[in-house]
file work.cif (mmCIF, C-alpha atoms)
data_query
loop_
_atom_site.label_atom_id
_atom_site.label_comp_id
_atom_site.auth_asym_id
_atom_site.auth_seq_id
_atom_site.Cartn_x
_atom_site.Cartn_y
_atom_site.Cartn_z
CA MET Z 1 0.00 0.00 0.00
CA TRP Z 2 2.81 2.43 0.89
CA TYR Z 3 4.33 1.86 -2.57
CA ILE Z 4 1.18 3.27 -4.14
CA ILE Z 5 1.31 6.28 -1.81
CA LEU Z 6 5.02 6.86 -2.60
CA ILE Z 7 4.36 6.63 -6.35
CA GLY Z 8 1.50 9.10 -5.96
CA ILE Z 9 3.72 11.53 -4.05
CA ILE Z 10 6.45 11.24 -6.72
CA ILE Z 11 3.94 11.83 -9.53
CA ALA Z 12 2.50 14.82 -7.68
CA ALA Z 13 5.99 16.22 -7.12
CA LEU Z 14 6.85 15.77 -10.78
CA LEU Z 15 3.66 17.53 -11.80
CA VAL Z 16 4.44 20.43 -9.46
CA ILE Z 17 8.00 20.64 -10.87
CA LEU Z 18 6.70 20.55 -14.44
CA TRP Z 19 4.18 23.27 -13.60
CA LEU Z 20 6.90 25.40 -12.01
CA ILE Z 21 9.18 24.93 -15.02
CA ARG Z 22 6.36 25.84 -17.39
CA TYR Z 23 5.31 28.84 -15.29
CA THR Z 24 8.92 30.07 -14.95
CA ALA Z 25 9.49 29.67 -18.69
CA LYS Z 26 6.28 31.60 -19.40
CA THR Z 27 7.33 34.36 -16.99
CA LEU Z 28 10.79 34.58 -18.56
CA ASP Z 29 9.24 34.68 -22.05
CA THR Z 30 6.98 37.56 -20.94
CA ILE Z 31 9.92 39.48 -19.44
CA ASP Z 32 11.97 38.78 -22.57
CA GLN Z 33 9.13 40.15 -24.69
CA MET Z 34 8.96 43.25 -22.47
CA LEU Z 35 12.69 43.88 -22.83
CA ASP Z 36 12.51 43.44 -26.63
CA MET Z 37 9.67 45.95 -26.85
CA ALA Z 38 11.52 48.39 -24.56
CA THR Z 39 14.66 48.08 -26.71
CA GLU Z 40 12.66 48.78 -29.87
CA GLY Z 41 10.87 51.68 -28.19
CA THR Z 42 7.41 50.07 -28.63
CA PHE Z 43 6.74 49.07 -25.01
CA SER Z 44 3.24 49.80 -23.76
CA GLU Z 45 2.08 49.05 -20.23
CA SER Z 46 -1.49 48.49 -21.48
CA ALA Z 47 -0.29 45.37 -23.30
CA PHE Z 48 0.50 43.74 -19.96
CA THR Z 49 -2.26 43.77 -17.34
CA GLU Z 50 -1.75 42.76 -13.72
CA LYS Z 51 -4.26 39.93 -14.17
CA LYS Z 52 -1.81 38.26 -16.54
CA LEU Z 53 1.37 39.14 -14.65
CA SER Z 54 3.14 37.85 -11.59
CA ARG Z 55 4.52 40.24 -8.98
CA ILE Z 56 7.98 40.30 -10.67
CA GLU Z 57 6.44 40.82 -14.10
CA THR Z 58 4.25 43.62 -12.75
CA LYS Z 59 7.26 45.41 -11.24
CA MET Z 60 9.19 44.91 -14.47
CA SER Z 61 6.27 46.32 -16.44
CA ARG Z 62 6.08 49.43 -14.26
CA TYR Z 63 9.86 49.92 -14.36
CA LEU Z 64 9.99 49.67 -18.16
CA SER Z 65 7.00 51.95 -18.48
CA LYS Z 66 8.78 54.64 -16.44
CA GLY Z 67 11.95 54.09 -18.49
CA THR Z 68 10.02 54.49 -21.74
CA THR Z 69 8.44 57.70 -20.45
CA SER Z 70 11.88 59.04 -19.43
CA LEU Z 71 13.31 58.23 -22.86
CA LYS Z 72 10.42 60.07 -24.53
CA GLN Z 73 11.03 63.08 -22.27
CA ILE Z 74 14.77 63.03 -23.07
CA LYS Z 75 14.04 62.84 -26.80
CA SER Z 76 11.55 65.69 -26.49
CA GLU Z 77 14.06 67.82 -24.57
CA LYS Z 78 16.79 67.03 -27.11
CA ASP Z 79 14.49 68.08 -29.96
CA THR Z 80 13.73 71.30 -28.09
CA ILE Z 81 17.44 72.00 -27.56
CA GLN Z 82 18.17 71.27 -31.23
CA SER Z 83 15.45 73.69 -32.29
CA LEU Z 84 16.72 76.33 -29.84
CA ILE Z 85 20.33 75.99 -31.04
CA ALA Z 86 19.26 76.25 -34.67
CA ASP Z 87 17.16 79.32 -33.83
CA ILE Z 88 20.01 81.03 -31.94
CA SER Z 89 22.43 80.31 -34.78
CA HIS Z 90 20.00 81.65 -37.38
CA GLN Z 91 18.80 84.70 -35.43
CA THR Z 92 22.29 85.95 -34.50
CA LYS Z 93 24.02 85.37 -37.84
CA THR Z 94 22.53 88.37 -39.68
CA PRO Z 95 22.86 90.99 -36.90
CA ILE Z 96 26.49 90.05 -36.25
CA ALA Z 97 27.32 90.14 -39.95
CA ASN Z 98 25.67 93.59 -40.22
CA ILE Z 99 27.57 94.98 -37.21
CA LEU Z 100 30.85 93.75 -38.68
CA LEU Z 101 30.04 95.32 -42.03
CA TYR Z 102 29.00 98.67 -40.53
CA SER Z 103 32.07 98.84 -38.27
CA GLN Z 104 34.36 98.12 -41.23
CA LEU Z 105 32.65 100.77 -43.35
CA LEU Z 106 32.86 103.24 -40.47
CA SER Z 107 36.59 102.65 -39.92
CA GLU Z 108 37.26 103.20 -43.64
CA ARG Z 109 35.24 106.41 -43.82
CA GLN Z 110 37.13 109.57 -44.74
CA GLY Z 111 37.44 112.38 -42.23
CA LEU Z 112 37.27 110.31 -39.03
CA ASP Z 113 39.70 111.24 -36.30
CA GLU Z 114 41.93 108.60 -34.66
CA LYS Z 115 39.65 108.22 -31.64
CA ALA Z 116 36.61 107.44 -33.82
CA LYS Z 117 38.63 105.00 -35.93
CA ASN Z 118 39.85 103.29 -32.78
CA LEU Z 119 36.29 102.93 -31.48
CA ALA Z 120 35.19 101.44 -34.83
CA CYS Z 121 38.06 98.94 -34.65
CA GLN Z 122 37.07 98.03 -31.09
CA ILE Z 123 33.48 97.41 -32.19
CA GLU Z 124 34.72 95.16 -35.00
CA SER Z 125 37.06 93.28 -32.66
CA GLN Z 126 34.39 92.68 -30.00
CA THR Z 127 31.85 91.62 -32.63
CA GLU Z 128 34.28 89.05 -34.03
CA LYS Z 129 34.79 87.76 -30.48
CA LEU Z 130 31.01 87.50 -30.00
CA ASN Z 131 30.68 85.70 -33.33
CA PHE Z 132 33.39 83.20 -32.32
CA LEU Z 133 31.76 82.66 -28.92
CA ILE Z 134 28.31 81.93 -30.37
CA SER Z 135 29.80 79.66 -33.03
CA SER Z 136 31.77 77.71 -30.40
CA LEU Z 137 28.77 77.40 -28.09
CA VAL Z 138 26.59 76.11 -30.92
CA LYS Z 139 29.21 73.51 -31.91
CA THR Z 140 29.71 72.42 -28.30
CA SER Z 141 25.98 72.13 -27.63
CA ARG Z 142 25.47 70.07 -30.78
CA LEU Z 143 28.22 67.67 -29.75
CA GLU Z 144 27.08 67.39 -26.11
CA ASN Z 145 23.45 66.72 -27.06
CA GLY Z 146 24.26 64.23 -29.81
CA ILE Z 147 22.80 66.50 -32.48
CA VAL Z 148 26.05 66.25 -34.44
CA LYS Z 149 27.32 62.72 -34.87
CA LEU Z 150 31.01 62.26 -35.50
CA ASN Z 151 31.85 59.86 -38.29
CA PRO Z 152 35.27 58.34 -37.51
CA LYS Z 153 36.79 56.47 -40.44
CA LYS Z 154 40.25 55.60 -41.69
CA ASN Z 155 42.03 58.87 -42.55
CA SER Z 156 45.55 60.10 -43.21
CA VAL Z 157 47.18 61.84 -40.23
CA GLN Z 158 49.68 63.48 -42.57
CA LYS Z 159 46.84 65.03 -44.59
CA LEU Z 160 45.25 66.25 -41.36
CA ILE Z 161 48.46 67.99 -40.28
CA GLU Z 162 49.01 69.48 -43.74
CA ASN Z 163 45.63 71.26 -43.41
CA ILE Z 164 46.80 73.29 -40.40
CA ASP Z 165 46.54 76.75 -41.93
CA LEU Z 166 47.56 79.18 -39.20
CA TRP Z 167 50.54 80.79 -40.91
CA LYS Z 168 49.09 84.32 -40.76
CA ALA Z 169 48.52 84.11 -37.01
CA ALA Z 170 52.09 82.84 -36.54
CA ASP Z 171 53.58 85.51 -38.83
CA LYS Z 172 51.86 88.30 -36.89
CA LYS Z 173 53.92 87.30 -33.83
CA ASP Z 174 57.03 86.32 -35.81
CA ILE Z 175 56.57 82.74 -34.57
CA LEU Z 176 58.14 79.83 -36.45
CA LEU Z 177 55.31 77.36 -37.14
CA GLU Z 178 57.06 74.10 -37.97
CA ILE Z 179 54.97 71.32 -39.51
CA GLN Z 180 57.16 68.23 -39.44
CA ASN Z 181 57.06 65.79 -42.34
CA ILE Z 182 55.83 62.42 -41.13
CA ASP Z 183 55.18 58.96 -42.51
CA ASP Z 184 51.69 58.43 -43.86
CA TYR Z 185 50.16 57.15 -40.63
CA THR Z 186 46.46 56.34 -40.61
CA ALA Z 187 43.95 56.46 -37.77
CA TYR Z 188 40.17 56.42 -37.30
CA PHE Z 189 38.78 59.92 -36.86
CA ASP Z 190 36.30 62.39 -38.28
CA PHE Z 191 38.50 64.56 -40.52
CA LYS Z 192 36.53 67.83 -40.29
CA TRP Z 193 35.96 67.81 -36.53
CA THR Z 194 39.42 66.48 -35.65
CA LEU Z 195 41.01 69.19 -37.77
CA GLU Z 196 39.03 71.74 -35.75
CA ALA Z 197 40.28 70.17 -32.50
CA VAL Z 198 43.92 70.28 -33.64
CA LEU Z 199 43.53 73.84 -34.97
CA ASN Z 200 42.18 74.94 -31.59
CA ILE Z 201 45.26 73.53 -29.84
CA VAL Z 202 47.74 75.00 -32.36
CA ASP Z 203 45.96 78.36 -32.17
CA ASN Z 204 46.32 78.28 -28.38
CA ALA Z 205 50.02 77.45 -28.70
CA ILE Z 206 50.56 80.48 -30.96
CA LYS Z 207 48.45 82.70 -28.71
CA TYR Z 208 50.45 81.88 -25.56
CA THR Z 209 53.91 81.89 -27.13
CA ASP Z 210 55.91 85.14 -27.08
CA HIS Z 211 57.05 86.97 -30.20
CA GLY Z 212 59.88 85.16 -31.96
CA GLY Z 213 58.97 81.79 -30.42
CA ARG Z 214 58.41 78.41 -32.00
CA VAL Z 215 55.46 76.02 -32.38
CA LYS Z 216 56.12 72.52 -33.71
CA VAL Z 217 53.61 69.93 -34.92
CA SER Z 218 54.76 66.32 -35.27
CA ALA Z 219 53.38 62.78 -35.03
CA LYS Z 220 54.41 59.40 -33.67
CA ASP Z 221 53.07 55.94 -34.31
CA TYR Z 222 52.16 53.61 -31.44
CA GLU Z 223 50.57 50.16 -31.34
CA MET Z 224 47.01 51.34 -30.61
CA PHE Z 225 47.17 55.07 -31.35
CA VAL Z 226 48.75 57.70 -33.55
CA CYS Z 227 49.92 60.64 -31.44
CA ILE Z 228 49.99 64.22 -32.76
CA ASP Z 229 52.27 66.44 -30.65
CA ILE Z 230 51.83 70.23 -30.60
CA SER Z 231 54.85 71.69 -28.81
CA ASP Z 232 55.75 75.30 -28.05
CA ASN Z 233 58.33 77.25 -26.06
CA GLY Z 234 55.73 79.62 -24.66
CA ILE Z 235 54.73 80.69 -21.17
CA GLY Z 236 53.80 77.18 -20.01
CA ILE Z 237 51.08 75.93 -17.67
CA SER Z 238 51.37 75.30 -13.93
CA GLU Z 239 50.61 71.85 -12.56
CA GLU Z 240 47.56 73.20 -10.75
CA GLU Z 241 46.09 74.62 -13.96
CA SER Z 242 46.79 71.51 -16.08
CA ALA Z 243 43.64 69.87 -14.72
CA LYS Z 244 41.51 72.98 -15.33
CA ILE Z 245 42.42 74.04 -18.86
CA PHE Z 246 40.02 71.56 -20.50
CA THR Z 247 37.00 72.80 -18.55
CA ARG Z 248 34.52 75.03 -20.30
CA PHE Z 249 35.17 78.81 -20.13
CA TYR Z 250 38.32 78.42 -18.03
CA ARG Z 251 40.73 81.34 -18.44
CA SER Z 252 43.94 81.59 -16.46
CA PRO Z 253 44.02 84.77 -14.33
CA GLN Z 254 47.59 85.34 -15.58
CA ASN Z 255 46.45 85.40 -19.22
CA SER Z 256 43.29 87.46 -18.97
CA ASP Z 257 44.71 90.02 -21.40
CA GLN Z 258 44.81 87.42 -24.20
CA LYS Z 259 41.94 87.08 -26.65
CA GLY Z 260 39.70 84.05 -26.22
CA VAL Z 261 36.65 82.72 -24.41
CA GLY Z 262 38.09 79.56 -22.83
CA ILE Z 263 36.21 77.04 -24.93
CA GLY Z 264 38.72 75.86 -27.56
CA LEU Z 265 40.46 73.19 -25.47
CA TYR Z 266 37.15 72.00 -24.02
CA LEU Z 267 35.76 71.54 -27.53
CA ALA Z 268 38.96 69.78 -28.66
CA ARG Z 269 38.72 67.27 -25.83
CA GLU Z 270 35.03 66.62 -26.50
CA ILE Z 271 35.76 65.87 -30.16
CA VAL Z 272 38.74 63.59 -29.56
CA SER Z 273 37.12 61.67 -26.69
CA GLN Z 274 34.00 60.95 -28.76
CA GLU Z 275 36.29 59.34 -31.34
CA GLY Z 276 37.81 57.01 -28.75
CA GLY Z 277 40.97 59.08 -28.33
CA TYR Z 278 42.32 61.33 -25.59
CA ILE Z 279 44.53 64.39 -25.02
CA ARG Z 280 47.45 64.72 -22.61
CA VAL Z 281 49.48 67.79 -21.71
CA LYS Z 282 53.02 68.16 -20.35
CA SER Z 283 54.11 71.63 -19.35
CA SER Z 284 56.16 73.73 -17.02
CA ILE Z 285 56.12 77.46 -16.36
CA GLY Z 286 58.48 79.38 -18.64
CA ARG Z 287 59.50 76.31 -20.67
CA GLY Z 288 56.48 75.77 -22.88
CA SER Z 289 53.94 73.00 -23.33
CA THR Z 290 53.32 69.86 -25.35
CA PHE Z 291 49.75 68.80 -26.10
CA SER Z 292 49.52 65.19 -27.29
CA VAL Z 293 46.43 64.15 -29.24
CA PHE Z 294 45.99 60.37 -29.35
CA LEU Z 295 43.84 59.09 -32.23
CA PRO Z 296 42.79 55.41 -32.36
CA LYS Z 297 44.27 53.24 -35.12
CA HIS Z 298 41.41 50.77 -35.09
CA ALA Z 299 37.68 51.26 -35.66
CA ASN Z 300 36.59 49.25 -32.61
CA ILE Z 301 38.44 51.64 -30.28
CA SER Z 302 36.70 54.69 -31.72
CA LYS Z 303 33.30 53.11 -31.04
CA LEU Z 304 33.94 52.43 -27.35
#
call {"tool": "encode", "arguments": {"input": "work.cif", "output": "structure tokens"}}
result
Amino acid sequence: MWYIILIGIIIAALLVILWLIRYTAKTLDTIDQMLDMATEGTFSESAFTEKKLSRIETKMSRYLSKGTTSLKQIKSEKDTIQSLIADISHQTKTPIANILLYSQLLSERQGLDEKAKNLACQIESQTEKLNFLISSLVKTSRLENGIVKLNPKKNSVQKLIENIDLWKAADKKDILLEIQNIDDYTAYFDFKWTLEAVLNIVDNAIKYTDHGGRVKVSAKDYEMFVCIDISDNGIGISEEESAKIFTRFYRSPQNSDQKGVGIGLYLAREIVSQEGGYIRVKSSIGRGSTFSVFLPKHANISKL
């Protein structure tokens, strides 16, 4: 008799186990379906009612519903920012261009005394600074909000360096701008944006190097990266400031008389980091600085 009871218990246990396996599999399938819908952006809480769901599934449903709502809010905010940036860029372009034109015409007008000409030149100079600031802010905002997508691909580092066209700025200060000939190294980067990053760094090197100084651009090949070095024998950067120079709008108190808005190095770092690269700086006061831009040699690094 006890054999029959034992067999009955075993059969009942097996049925319970089978039911649990089936129920667990069904629950996992439901959760898997939820995650797939959330990934595709089609998740809807109404598709999963509490009558059909277990406690875990219900919590998962509510969590994913909140996540979907947050993603929609982020997308809406990003669209608003994109529209605002485009509006600012469009609305300020014409007035700034007109002010520049009028100030140039005024400075060239016959019969003006030196004081009036000087004021016209100051207006032109400040307007150009405002134009640069707005342009930099628009570029930075587009990068930070993902409006502009960098497109890293295999490019020539030599060609990138050859496009550094800052000879006039260097000549104004009698600075020797030396572009070193290099082997035709290749790396993965967005040519247009990376050129802007490098130009910002070279422009800074010229700006903070005294008359008659030297700025040198060279490149080295490493296993994972190609490194572009921008070296100068300028005023240098203190160790304390080395960590601050890449922050937005940072201007050294010692260099407040120099033109600039403190956004060039920040923008350069944003561009290079989004490509999977990085920037390092070595400097000492009175001995100059070397900014090293590391660009990835392989596509998988730039996508990290």
call {"tool": "resolve_selection", "arguments": {"input": "work.cif", "expression": "the PyMOL selection byres ((chain Z and resi 104) around 12)", "output": "list of chain:residue names"}}
result
Z:Ala97, Z:Asn98, Z:Ile99, Z:Leu100, Z:Leu101, Z:Tyr102, Z:Ser103, Z:Leu105, Z:Leu106, Z:Ser107, Z:Glu108, Z:Arg109, Z:Lys117, Z:Asn118, Z:Leu119, Z:Ala120, Z:Cys121, Z:Gln122, Z:Ile123, Z:Glu124, Z:Ser125, Z:Thr127, Z:Glu128
call {"tool": "residues_around", "arguments": {"input": "work.cif", "residues": "region 155-157 of chain Z", "least_positions_apart": "6", "cutoff": "10 Å", "atoms": "only C-alpha atoms", "output": "JSON, numbers by chain"}}
result
{"Z": [182, 183, 184, 185, 186, 187, 188, 189, 190, 191, 195, 219, 226, 227, 228, 295, 297]}
call {"tool": "resolve_selection", "arguments": {"input": "work.cif", "expression": "the PyMOL selection byres ((chain Z and resi 200) around 12)", "output": "PyMOL selection string"}}
result
chain Z and resi 136+164-166+193-199+201-207+230+246+260-269+271+291+293
call {"tool": "closest_residue", "arguments": {"input": "work.cif", "among": "Z:Lys149, Z:Lys172, Z:Arg280, Z:Lys129", "to": "Ala243 (chain Z)", "atoms": "only C-alpha atoms"}}
result
Z:Arg280
call {"tool": "atom_distance", "arguments": {"input": "work.cif", "atom1": "CA of Asp174 (chain Z)", "atom2": "CA of Lys244 (chain Z)"}}
result
29.0 Å
call {"tool": "atom_distance", "arguments": {"input": "work.cif", "atom1": "CA of Glu270 (chain Z)", "atom2": "CA of Phe294 (chain Z)"}}
result
12.9 Å
call {"tool": "closest_residue", "arguments": {"input": "work.cif", "among": "Z:Lys282, Z:Arg214, Z:Lys192, Z:Lys93", "to": "Phe132 (chain Z)", "atoms": "all atoms listed in the file"}}
result
Z:Lys93
call {"tool": "closest_residue", "arguments": {"input": "work.cif", "among": "Z:Glu275, Z:Asp210, Z:Glu178, Z:Asp29", "to": "Ser231 (chain Z)", "atoms": "all atoms listed in the file"}}
result
Z:Glu178
call {"tool": "resolve_selection", "arguments": {"input": "work.cif", "expression": "the PyMOL selection byres ((chain Z and resi 179) around 7)", "output": "PyMOL selection string"}}
result
chain Z and resi 177-178+180-181+216-218
call {"tool": "atom_distance", "arguments": {"input": "work.cif", "atom1": "CA of Lys153 (chain Z)", "atom2": "CA of Leu137 (chain Z)"}}
result
25.6 Å
call {"tool": "build_atoms", "arguments": {"input": "work.cif", "residues": "region 90-101 of chain Z", "atoms": "N, CA, C and O atoms", "output": "mmCIF file, keeping the file's coordinate frame"}}
result
data_model
loop_
_atom_site.group_PDB
_atom_site.id
_atom_site.type_symbol
_atom_site.label_atom_id
_atom_site.label_comp_id
_atom_site.auth_asym_id
_atom_site.auth_seq_id
_atom_site.Cartn_x
_atom_site.Cartn_y
_atom_site.Cartn_z
ATOM 1 N N HIS Z 90 20.613 80.931 -36.262
ATOM 2 C CA HIS Z 90 20.000 81.650 -37.380
ATOM 3 C C HIS Z 90 19.737 83.110 -37.031
ATOM 4 O O HIS Z 90 20.014 84.017 -37.831
ATOM 5 N N GLN Z 91 19.211 83.346 -35.813
ATOM 6 C CA GLN Z 91 18.800 84.700 -35.430
ATOM 7 C C GLN Z 91 19.984 85.634 -35.204
ATOM 8 O O GLN Z 91 19.853 86.854 -35.364
ATOM 9 N N THR Z 92 21.135 85.093 -34.803
ATOM 10 C CA THR Z 92 22.290 85.950 -34.500
ATOM 11 C C THR Z 92 23.206 86.163 -35.706
ATOM 12 O O THR Z 92 24.013 87.105 -35.706
ATOM 13 N N LYS Z 93 23.100 85.311 -36.698
ATOM 14 C CA LYS Z 93 24.020 85.370 -37.840
ATOM 15 C C LYS Z 93 23.917 86.716 -38.573
ATOM 16 O O LYS Z 93 24.927 87.374 -38.826
ATOM 17 N N THR Z 94 22.708 87.132 -38.912
ATOM 18 C CA THR Z 94 22.530 88.370 -39.680
ATOM 19 C C THR Z 94 22.912 89.624 -38.895
ATOM 20 O O THR Z 94 23.661 90.476 -39.422
ATOM 21 N N PRO Z 95 22.461 89.793 -37.644
ATOM 22 C CA PRO Z 95 22.860 90.990 -36.900
ATOM 23 C C PRO Z 95 24.373 91.111 -36.728
ATOM 24 O O PRO Z 95 24.929 92.209 -36.860
ATOM 25 N N ILE Z 96 25.036 90.007 -36.441
ATOM 26 C CA ILE Z 96 26.490 90.050 -36.250
ATOM 27 C C ILE Z 96 27.193 90.421 -37.549
ATOM 28 O O ILE Z 96 28.122 91.242 -37.567
ATOM 29 N N ALA Z 97 26.734 89.824 -38.644
ATOM 30 C CA ALA Z 97 27.320 90.140 -39.950
ATOM 31 C C ALA Z 97 27.131 91.621 -40.285
ATOM 32 O O ALA Z 97 28.043 92.285 -40.817
ATOM 33 N N ASN Z 98 25.953 92.170 -39.959
ATOM 34 C CA ASN Z 98 25.670 93.590 -40.220
ATOM 35 C C ASN Z 98 26.551 94.508 -39.377
ATOM 36 O O ASN Z 98 27.072 95.523 -39.866
ATOM 37 N N ILE Z 99 26.725 94.168 -38.087
ATOM 38 C CA ILE Z 99 27.570 94.980 -37.210
ATOM 39 C C ILE Z 99 29.009 95.000 -37.717
ATOM 40 O O ILE Z 99 29.670 96.038 -37.735
ATOM 41 N N LEU Z 100 29.495 93.820 -38.126
ATOM 42 C CA LEU Z 100 30.850 93.750 -38.680
ATOM 43 C C LEU Z 100 30.995 94.610 -39.923
ATOM 44 O O LEU Z 100 31.983 95.342 -40.084
ATOM 45 N N LEU Z 101 30.005 94.529 -40.796
ATOM 46 C CA LEU Z 101 30.040 95.320 -42.030
ATOM 47 C C LEU Z 101 30.026 96.814 -41.737
ATOM 48 O O LEU Z 101 30.839 97.583 -42.279
#
